file run14.txt (compact mmCIF, C-alpha atoms)
# COMPACT_ATOMS: atom_id res chain seq x y z
CA MET A 1 71.69 175.65 124.37
CA VAL A 2 68.19 174.71 123.22
CA PHE A 3 66.52 175.22 119.84
CA VAL A 4 62.77 175.78 119.98
CA GLY A 5 60.73 174.88 116.90
CA LEU A 6 57.08 175.20 115.96
CA GLY A 7 54.69 174.11 118.67
CA ASP A 8 57.41 174.53 121.29
CA GLU A 9 59.23 171.47 119.92
CA LYS A 10 62.67 171.53 121.52
CA SER A 11 66.06 170.19 120.54
CA TYR A 12 68.81 170.13 123.16
CA GLY A 13 72.49 170.53 122.39
CA SER A 14 75.58 169.55 124.32
CA THR A 15 76.77 171.35 127.43
CA CYS A 16 78.31 174.73 126.71
CA SER A 17 81.93 175.46 127.55
CA VAL A 18 82.44 178.42 129.87
CA PHE A 19 85.83 180.11 129.51
CA ASP A 20 85.32 183.09 131.82
CA ASP A 21 82.64 185.46 133.03
CA GLN A 22 82.27 186.99 129.57
CA LEU A 23 82.88 184.09 127.14
CA MET A 24 80.90 180.90 126.63
CA LYS A 25 80.87 178.61 123.57
CA CYS A 26 77.95 176.37 122.70
CA ALA A 27 77.47 173.83 119.94
CA THR A 28 74.23 174.30 118.06
CA PRO A 29 71.77 171.45 118.57
CA PRO A 30 69.88 169.74 115.71
CA VAL A 31 67.17 171.87 114.16
CA PRO A 32 63.70 170.74 115.25
CA GLY A 33 61.30 169.89 112.44
CA ARG A 34 60.99 167.39 109.62
CA ASP A 35 64.09 165.35 108.84
CA SER A 36 63.78 166.04 105.10
CA ASP A 37 64.18 169.78 105.74
CA LYS A 38 67.21 169.54 107.97
CA GLY A 39 70.37 170.88 106.41
CA GLN A 40 68.64 171.57 103.08
CA MET A 41 67.11 175.03 103.48
CA GLU A 42 67.59 178.28 105.31
CA ARG A 43 65.28 178.81 108.25
CA ILE A 44 64.81 180.97 111.33
CA THR A 45 64.23 179.38 114.71
CA GLU A 46 64.23 180.42 118.33
CA TYR A 47 66.82 179.43 120.89
CA VAL A 48 67.20 179.72 124.65
CA PHE A 49 69.86 178.86 127.21
CA ASP A 50 68.95 176.28 129.80
CA PHE A 51 70.59 177.11 133.13
CA ASP A 52 69.70 174.16 135.37
CA GLY A 53 66.09 174.13 134.17
CA ALA A 54 65.71 177.88 133.86
CA GLU A 55 65.39 178.97 130.23
CA LEU A 56 66.87 182.42 129.74
CA HIS A 57 67.63 184.78 126.88
CA ARG A 58 65.05 183.64 124.34
CA SER A 59 65.95 184.98 120.91
CA ARG A 60 65.96 184.09 117.23
CA ILE A 61 68.74 182.68 115.10
CA LYS A 62 69.07 182.04 111.38
CA VAL A 63 70.06 178.45 110.62
CA MET A 64 71.81 177.93 107.29
CA PRO A 65 72.07 174.71 105.22
CA SER A 66 74.82 172.34 106.31
CA PRO A 67 78.01 172.41 104.23
CA SER A 68 78.89 169.44 102.05
CA PHE A 69 81.92 168.44 99.98
CA GLU A 70 82.36 166.52 96.75
CA LEU A 71 84.38 163.36 97.36
CA LEU A 72 87.47 162.75 95.24
CA THR A 73 87.21 159.47 93.33
CA ASP A 74 90.95 159.47 92.53
CA PRO A 75 93.89 160.94 94.47
CA ARG A 76 94.38 164.64 93.69
CA PHE A 77 97.88 165.21 92.29
CA VAL A 78 99.76 168.29 93.54
CA ARG A 79 103.25 169.58 92.86
CA PRO A 80 104.87 170.49 96.18
CA GLY A 81 105.26 174.23 96.63
CA GLU A 82 103.53 175.04 93.31
CA ASP A 83 99.92 173.82 93.28
CA PHE A 84 97.00 174.74 95.49
CA LEU A 85 94.53 172.15 96.70
CA THR A 86 91.01 172.97 95.49
CA LEU A 87 87.92 171.31 97.00
CA ASN A 88 84.38 171.68 95.68
CA GLY A 89 81.22 171.62 97.73
CA ASN A 90 78.03 173.47 98.64
CA HIS A 91 77.05 176.02 101.32
CA LEU A 92 80.67 176.35 102.44
CA ASN A 93 80.64 179.99 103.56
CA LEU A 94 76.99 180.55 104.47
CA ALA A 95 77.51 180.08 108.20
CA ALA A 96 81.29 179.71 108.44
CA THR A 97 84.29 181.93 107.88
CA GLU A 98 87.90 181.01 107.18
CA ARG A 99 88.67 180.81 110.90
CA ASP A 100 85.88 178.22 111.34
CA ILE A 101 87.31 175.86 108.70
CA THR A 102 90.39 173.70 109.14
CA VAL A 103 91.93 171.57 106.38
CA THR A 104 94.59 168.95 107.06
CA VAL A 105 96.56 166.74 104.67
CA GLY A 106 97.90 163.63 106.33
CA GLY A 107 97.43 165.31 109.71
CA GLU A 108 99.43 168.39 108.73
CA PRO A 109 97.69 171.77 108.28
CA CYS A 110 96.75 173.03 104.84
CA PRO A 111 96.37 176.82 105.31
CA LEU A 112 93.18 178.18 103.78
CA THR A 113 93.79 180.73 101.00
CA ALA A 114 90.29 181.28 99.57
CA LEU A 115 86.72 180.45 100.54
CA ALA A 116 83.54 180.72 98.47
CA ASN A 117 80.10 179.17 98.52
CA LYS A 118 81.06 176.20 96.34
CA VAL A 119 84.85 176.02 96.52
CA LEU A 120 87.76 176.42 98.90
CA THR A 121 91.50 176.35 98.29
CA CYS A 122 94.44 175.77 100.57
CA GLN A 123 98.22 175.45 100.33
CA PRO A 124 99.24 171.79 100.89
CA PRO A 125 102.43 170.95 102.79
CA VAL A 126 105.64 171.19 100.79
CA ARG A 127 106.79 167.74 101.90
CA LYS A 128 104.62 164.68 101.59
CA PRO A 129 103.01 163.90 104.96
CA ALA A 130 102.91 160.39 106.29
CA ALA A 131 99.99 158.28 105.07
CA VAL A 132 98.61 156.22 107.95
CA GLY A 133 97.06 153.01 106.65
CA LYS A 134 96.71 154.40 103.11
CA LEU A 135 98.83 154.88 100.02
CA ASN A 136 98.42 158.68 100.03
CA PRO A 137 97.82 161.34 102.70
CA GLU A 138 94.15 161.84 103.57
CA ILE A 139 92.34 165.18 103.17
CA VAL A 140 90.20 166.05 106.20
CA VAL A 141 88.08 169.20 106.42
CA SER A 142 86.62 170.40 109.72
CA VAL A 143 83.80 172.95 109.70
CA GLY A 144 83.02 173.72 113.31
CA ASN A 145 82.32 170.35 114.93
CA ALA A 146 81.61 168.61 111.61
CA THR A 147 84.43 166.60 110.01
CA PHE A 148 84.59 165.50 106.36
CA SER A 149 86.99 163.01 104.79
CA VAL A 150 87.17 164.27 101.21
CA GLY A 151 89.81 162.05 99.60
CA GLU A 152 93.56 161.70 99.19
CA VAL A 153 96.46 163.77 97.87
CA SER A 154 99.19 162.32 95.66
CA TYR A 155 102.66 163.84 95.63
CA ASP A 156 103.87 161.38 92.99
CA SER A 157 103.66 161.83 89.24
CA PRO A 158 100.13 161.15 88.02
CA GLY A 159 99.85 157.67 86.57
CA VAL A 160 97.53 156.41 83.93
CA SER A 161 94.02 156.04 85.30
CA SER A 162 92.16 152.78 84.89
CA SER A 163 89.67 154.27 82.40
CA LEU A 164 92.45 155.76 80.28
CA PHE A 165 94.38 152.49 80.45
CA LEU A 166 91.25 150.64 79.28
CA ILE A 167 90.79 153.05 76.36
CA ILE A 168 94.45 152.69 75.34
CA SER A 169 94.21 148.89 75.58
CA ILE A 170 91.08 148.82 73.40
CA PHE A 171 92.75 151.12 70.86
CA ILE A 172 95.84 148.90 70.72
CA MET A 173 93.69 145.78 70.30
CA VAL A 174 91.73 147.43 67.47
CA MET A 175 94.95 148.47 65.73
CA ILE A 176 96.37 144.95 66.08
CA GLY A 177 93.14 143.53 64.64
CA LEU A 178 93.31 145.91 61.67
CA ILE A 179 96.95 145.01 61.02
CA VAL A 180 96.14 141.29 61.15
CA CYS A 181 93.23 141.78 58.73
CA LEU A 182 95.47 143.72 56.33
CA ILE A 183 98.12 141.00 56.49
CA VAL A 184 95.52 138.29 55.82
CA LEU A 185 94.07 140.22 52.86
CA TYR A 186 97.56 140.84 51.47
CA ARG A 187 98.48 137.17 51.78
CA ARG A 188 95.24 136.11 50.11
CA LYS A 189 95.78 138.55 47.27
CA THR A 190 99.41 137.44 46.89
CA ASN A 191 98.43 133.77 46.86
CA SER A 192 95.70 134.47 44.31
CA HIS A 193 98.19 136.29 42.09
CA GLN A 194 100.68 133.46 42.43
CA ARG A 195 98.03 130.89 41.55
CA GLN A 196 97.02 132.94 38.51
CA MET A 197 100.65 133.24 37.36
CA LYS A 198 101.15 129.52 37.88
CA TYR A 199 98.02 128.79 35.84
CA LEU A 200 99.18 131.08 33.03
CA LYS A 201 102.62 129.46 33.03
CA THR A 202 101.02 126.03 32.83
CA GLN A 203 98.88 127.17 29.91
CA MET A 204 101.93 128.60 28.13
CA ASP A 205 103.87 125.38 28.68
CA THR A 206 100.93 123.39 27.31
CA ILE A 207 100.72 125.62 24.23
CA GLU A 208 104.47 125.35 23.68
CA MET A 209 104.27 121.57 23.91
CA LYS A 210 101.38 121.51 21.42
CA VAL A 211 103.26 123.77 18.99
CA ALA A 212 106.40 121.67 19.33
CA THR A 213 104.40 118.49 18.72
CA GLU A 214 102.68 119.97 15.67
CA CYS A 215 106.03 121.16 14.30
CA LYS A 216 107.51 117.69 14.74
CA GLU A 217 104.52 116.12 13.02
CA ALA A 218 104.67 118.64 10.15
CA PHE A 219 108.41 118.08 9.73
CA ALA A 220 107.87 114.32 9.73
CA GLU A 221 105.16 114.66 7.07
CA LEU A 222 107.44 116.88 4.97
CA GLN A 223 110.29 114.42 5.30
CA THR A 224 107.98 111.61 4.26
CA SER A 225 106.82 113.58 1.20
CA LEU A 226 110.43 114.26 0.13
CA ASN A 227 111.34 110.62 0.54
CA GLN A 228 108.42 109.61 -1.64
CA TYR A 229 109.41 112.21 -4.26
CA THR A 230 113.06 111.15 -4.41
CA ALA A 231 112.18 107.48 -4.55
CA ASP A 232 110.71 107.91 -8.06
CA LEU A 233 113.83 109.68 -9.46
CA PRO A 234 116.67 107.85 -11.23
CA LEU A 235 119.73 107.15 -9.18
CA GLY A 236 122.12 110.10 -9.11
CA THR A 237 119.44 112.68 -9.90
CA PRO A 238 119.71 115.76 -7.65
CA THR A 239 116.87 115.88 -5.18
CA ALA A 240 116.61 119.66 -5.10
CA PRO A 241 114.29 120.80 -7.92
CA PHE A 242 115.77 123.40 -10.24
CA LEU A 243 113.78 125.76 -12.44
CA GLU A 244 114.75 126.89 -15.86
CA TYR A 245 116.26 130.34 -16.10
CA LYS A 246 113.13 131.74 -17.69
CA ASP A 247 110.85 130.42 -14.97
CA TYR A 248 113.29 131.46 -12.23
CA CYS A 249 113.41 135.05 -13.46
CA ALA A 250 109.64 135.18 -13.90
CA ARG A 251 108.93 133.98 -10.34
CA ASP A 252 111.74 135.39 -8.23
CA LEU A 253 113.11 138.44 -10.04
CA LEU A 254 109.82 139.60 -11.54
CA ILE A 255 111.54 139.99 -14.92
CA PHE A 256 109.19 139.16 -17.71
CA PRO A 257 110.55 138.28 -21.22
CA ASP A 258 109.41 140.02 -24.38
call {"tool": "encode", "arguments": {"input": "run14.txt", "output": "structure tokens"}}
result
Amino acid sequence: MVFVGLGDEKSYGSTCSVFDDQLMKCATPPVPGRDSDKGQMERITEYVFDFDGAELHRSRIKVMPSPSFELLTDPRFVRPGEDFLTLNGNHLNLAATERDITVTVGGEPCPLTALANKVLTCQPPVRKPAAVGKLNPEIVVSVGNATFSVGEVSYDSPGVSSSLFLIISIFIMVMIGLIVCLIVLYRRKTNSHQRQMKYLKTQMDTIEMKVATECKEAFAELQTSLNQYTADLPLGTPTAPFLEYKDYCARDLLIFPD
């Protein structure tokens, strides 16, 4: 099969496979033209069949953009027998039908259940297929002769991703830092309060000592004054001063005589 572009530019494909007198399958050759346009836009081109140098059956064919798939950065977790495997892409059903697309998981078929322009879904195997050279079974999509390795499927419970683990670690570190800061502030406040209480206690002890000293000095002065007073009295005179009845009543009982 030969594609014919502008200016009779030709692009040859591989040899067609002849099954019988009425059936022949041919792989489409690359589209002639600029490389930047290939696989990116819809176009119409001519094609012919080359039978040992004789070009026959010239006609036109519509060439659609090549399909593409979004690669999975992390293994896609599925629950066996419950979840469907969904793959995203572009131009998936423009030139292909469900019978033209084959999806395998770890080499085992994943029957196609839905096909759209940007998404396809299939039913993964119930049991986990063998993973050859990898931790998880590989997802391979075949569209005609094109093969795409999209990613991996995980049948195990989803673990914590590296980004989520990093976020949790940062959160834990921040919380630990806050707790340490609170403990330091509490200790500083407690120590300050203890120092203040110790200072107040020292001041109170100092005041008590001063009061006690002043009391001792005052008592000593009073004792000295009494000794001086009694020294001038005759021997046998009572040292306690007594008032006359009239003066006693006037001072203490507030009874005034006529």
call {"tool": "closest_residue", "arguments": {"input": "run14.txt", "among": "A:Ser11, A:Ser142, A:Ser17, A:Thr121", "to": "A:Pro32", "atoms": "all atoms listed in the file"}}
result
A:Ser11
call {"tool": "atom_distance", "arguments": {"input": "run14.txt", "atom1": "atom CA of A:Met204", "atom2": "atom CA of A:Ala220"}}
result
24.0 Å
call {"tool": "atom_distance", "arguments": {"input": "run14.txt", "atom1": "atom CA of A:Pro29", "atom2": "atom CA of A:Pro109"}}
result
27.9 Å
call {"tool": "axis_aligned_box", "arguments": {"input": "run14.txt", "around": "stretch 164-181 of chain A", "padding_each_side": "6 Å", "output": "lines of an AutoDock Vina configuration file"}}
result
center_x = 93.9
center_y = 148.5
center_z = 69.6
size_x = 18.2
size_y = 26.5
size_z = 33.7
call {"tool": "closest_residue", "arguments": {"input": "run14.txt", "among": "A:Ile170, A:Leu135, A:Ala212, A:Ala218", "to": "A:Asp74", "atoms": "all atoms listed in the file"}}
result
A:Leu135
call {"tool": "atom_distance", "arguments": {"input": "run14.txt", "atom1": "atom CA of A:Pro75", "atom2": "atom CA of A:Gly151"}}
result
6.6 Å
call {"tool": "residues_around", "arguments": {"input": "run14.txt", "residues": "A:Ala130", "least_positions_apart": "6", "cutoff": "8 Å", "atoms": "only C-alpha atoms", "output": "list in words"}}
result
Gly106, Asn136 and Pro137 of chain A
call {"tool": "residues_near_point", "arguments": {"input": "run14.txt", "point": "(85.5, 175.9, 100.0)", "cutoff": "8 Å", "atoms": "all atoms listed in the file", "output": "VMD selection string"}}
result
chain A and resid 86 to 90 92 to 93 114 to 121
call {"tool": "residues_around", "arguments": {"input": "run14.txt", "residues": "stretch 56-68 of chain A", "least_positions_apart": "2", "cutoff": "6 Å", "atoms": "only C-alpha atoms", "output": "list of chain:residue names"}}
result
A:Gly39, A:Gln40, A:Met41, A:Glu42, A:Arg43, A:Ile44, A:Thr45, A:Glu46, A:Tyr47, A:Val48, A:Phe49, A:Gly89, A:Asn90, A:His91, A:Leu92
call {"tool": "residues_around", "arguments": {"input": "run14.txt", "residues": "A:Val78", "least_positions_apart": "4", "cutoff": "12 Å", "atoms": "only C-alpha atoms", "output": "JSON, numbers by chain"}}
result
{"A": [82, 83, 84, 85, 86, 105, 122, 123, 124, 125, 126, 127, 128, 136, 137, 152, 153, 154, 155, 156, 157, 158]}
call {"tool": "residues_around", "arguments": {"input": "run14.txt", "residues": "A:Arg99", "least_positions_apart": "5", "cutoff": "10 Å", "atoms": "only C-alpha atoms", "output": "PDB file with C-alpha atoms, in the coordinates of the input"}}
result
ATOM      1  CA  LEU A 112      93.180 178.180 103.780  1.00  0.00           C
ATOM      2  CA  VAL A 143      83.800 172.950 109.700  1.00  0.00           C
ATOM      3  CA  GLY A 144      83.020 173.720 113.310  1.00  0.00           C
TER       4      GLY A 144
END
